[in-house]
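Inspection log for the structure reproduced underneath, given as structure tokens.
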Amino acid sequence: MWHPSHAALKHHGPYVAVLVELPHAGSVRMVGNLLGDPQQPVVIGAEVEGVFEHHPESDPSFSLLQWRLRPGCRPDNGR
């Protein structure tokens, strides 16, 4: 995305927004930020893992769930 989805992200673009399906949680889907190069190739079905970004200095403090590609995994779930 080249346009921030929130004013707090004004100087943090571009970034990749992804829709992640969690099959072991009733196939719940979540939208989030994919960490890494915003121009990296991303394939539908690629495996990702959650990464928590903690902000204890904020009032109130919060944690943000982001995603990164799992190293060594292919999009067809092969290893």
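Here, A, B, ... name the chains of the structure tokens in the order displayed, residue numbers run from 1 inside each chain, and ligands are numbered from 1 in the same displayed order.
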(message) Quick one: residues within 10 Å of A:Val20, only C-alpha atoms, excluding same-chain residues fewer than 5 positions away - as a ChimeraX atom specification?
(response) /A:27-34,44-50,67
(message) Taking 3 positions as the minimum chain separation for residues in the same chain, which residues sit within 10 Å of A:Gly36 when counting only C-alpha atoms? Answer as a PyMOL selection string.
(response) chain A and resi 15-16+33+39-40+67-69
For the residues selected in the previous step, produce a file with C-alpha atoms as a compact mmCIF listing (two decimals), in the first residue's frame.
```txt
# COMPACT_ATOMS: atom_id res chain seq x y z
CA TYR A 15 3.92 -1.74 2.97
CA VAL A 16 2.18 -4.98 2.01
CA ASN A 33 1.02 -6.01 7.56
CA GLN A 39 8.32 -5.09 -3.21
CA GLN A 40 9.08 -8.71 -2.32
CA TRP A 67 3.16 -11.27 9.63
CA ARG A 68 6.29 -12.50 7.92
CA LEU A 69 6.85 -15.19 5.30
```
(message) One number please: atom CA of A:Phe52 to atom CA of A:Gln66, in Å, one decimal.
(response)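 Computing it gives 6.2 Å between the two atoms.
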(request) Looking only at strand (DSSP E) from DSSP on the backbone, list the matching residues of chain A as a PyMOL selection string. (result) chain A and resi 16-22+28-34+48-55+62-69
Written file, previous selection with C-alpha atoms, as a PDB file, in the first residue's frame:
```
ATOM      1  CA  VAL A  16       2.179  -4.975   2.007  1.00  0.00           C
ATOM      2  CA  ALA A  17      -1.260  -5.694   3.479  1.00  0.00           C
ATOM      3  CA  VAL A  18      -2.191  -9.390   3.541  1.00  0.00           C
ATOM      4  CA  LEU A  19      -5.280 -11.463   4.288  1.00  0.00           C
ATOM      5  CA  VAL A  20      -4.202 -14.415   6.459  1.00  0.00           C
ATOM      6  CA  GLU A  21      -6.427 -17.454   7.024  1.00  0.00           C
ATOM      7  CA  LEU A  22      -5.927 -19.427  10.253  1.00  0.00           C
ATOM      8  CA  VAL A  28     -10.692 -17.133  10.820  1.00  0.00           C
ATOM      9  CA  ARG A  29      -9.202 -14.517   8.494  1.00  0.00           C
ATOM     10  CA  MET A  30      -7.178 -11.515   9.606  1.00  0.00           C
ATOM     11  CA  VAL A  31      -5.815  -8.537   7.676  1.00  0.00           C
ATOM     12  CA  GLY A  32      -2.342  -7.377   8.596  1.00  0.00           C
ATOM     13  CA  ASN A  33       1.025  -6.010   7.561  1.00  0.00           C
ATOM     14  CA  LEU A  34       3.581  -8.308   5.906  1.00  0.00           C
ATOM     15  CA  VAL A  48       3.314 -16.880   7.163  1.00  0.00           C
ATOM     16  CA  GLU A  49       3.969 -16.649  10.883  1.00  0.00           C
ATOM     17  CA  GLY A  50       2.776 -14.078  13.370  1.00  0.00           C
ATOM     18  CA  VAL A  51       5.197 -11.599  14.922  1.00  0.00           C
ATOM     19  CA  PHE A  52       4.226  -9.367  17.850  1.00  0.00           C
ATOM     20  CA  GLU A  53       5.456  -5.775  17.935  1.00  0.00           C
ATOM     21  CA  HIS A  54       5.145  -4.512  21.513  1.00  0.00           C
ATOM     22  CA  HIS A  55       4.632  -0.842  22.397  1.00  0.00           C
ATOM     23  CA  PHE A  62      -0.416  -2.311  23.192  1.00  0.00           C
ATOM     24  CA  SER A  63       0.946  -5.094  20.999  1.00  0.00           C
ATOM     25  CA  LEU A  64       0.509  -5.241  17.236  1.00  0.00           C
ATOM     26  CA  LEU A  65       0.321  -8.576  15.386  1.00  0.00           C
ATOM     27  CA  GLN A  66       2.189  -8.498  12.074  1.00  0.00           C
ATOM     28  CA  TRP A  67       3.155 -11.266   9.634  1.00  0.00           C
ATOM     29  CA  ARG A  68       6.294 -12.505   7.918  1.00  0.00           C
ATOM     30  CA  LEU A  69       6.855 -15.190   5.304  1.00  0.00           C
TER      31      LEU A  69
END
```
(message) Just list as a list in words whatever in chain A DSSP marks as helix (DSSP H, G or I).
(response) Ala7, Ala8, Leu9, Pro23, His24 and Ala25 of chain A
Write the residues you've just listed into a file as a PDB file, in the first residue's frame, and include N, CA, C and O atoms for each of them.
```pdb
ATOM      1  N   ALA A   7      -3.527   7.618  10.120  1.00  0.00           N
ATOM      2  CA  ALA A   7      -2.612   8.761  10.193  1.00  0.00           C
ATOM      3  C   ALA A   7      -1.282   8.418  10.864  1.00  0.00           C
ATOM      4  O   ALA A   7      -0.237   8.951  10.511  1.00  0.00           O
ATOM      5  N   ALA A   8      -1.286   7.481  11.816  1.00  0.00           N
ATOM      6  CA  ALA A   8      -0.058   7.092  12.516  1.00  0.00           C
ATOM      7  C   ALA A   8       0.934   6.390  11.584  1.00  0.00           C
ATOM      8  O   ALA A   8       2.112   6.283  11.894  1.00  0.00           O
ATOM      9  N   LEU A   9       0.468   5.918  10.424  1.00  0.00           N
ATOM     10  CA  LEU A   9       1.331   5.203   9.481  1.00  0.00           C
ATOM     11  C   LEU A   9       1.827   6.103   8.351  1.00  0.00           C
ATOM     12  O   LEU A   9       2.418   5.612   7.388  1.00  0.00           O
ATOM     13  N   PRO A  23      -6.323 -21.754   9.564  1.00  0.00           N
ATOM     14  CA  PRO A  23      -7.131 -22.970   9.453  1.00  0.00           C
ATOM     15  C   PRO A  23      -7.379 -23.681  10.780  1.00  0.00           C
ATOM     16  O   PRO A  23      -8.416 -24.317  10.954  1.00  0.00           O
ATOM     17  N   HIS A  24      -6.456 -23.575  11.740  1.00  0.00           N
ATOM     18  CA  HIS A  24      -6.620 -24.259  13.034  1.00  0.00           C
ATOM     19  C   HIS A  24      -7.423 -23.426  14.025  1.00  0.00           C
ATOM     20  O   HIS A  24      -7.558 -23.815  15.183  1.00  0.00           O
ATOM     21  N   ALA A  25      -7.959 -22.299  13.556  1.00  0.00           N
ATOM     22  CA  ALA A  25      -8.795 -21.439  14.406  1.00  0.00           C
ATOM     23  C   ALA A  25     -10.139 -21.215  13.712  1.00  0.00           C
ATOM     24  O   ALA A  25     -10.651 -20.107  13.675  1.00  0.00           O
TER      25      ALA A  25
END
```
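For the atom pair formed by atom CA of A:Arg70 and atom CA of A:Val42, the distance is 11.6 Å, given to one decimal.
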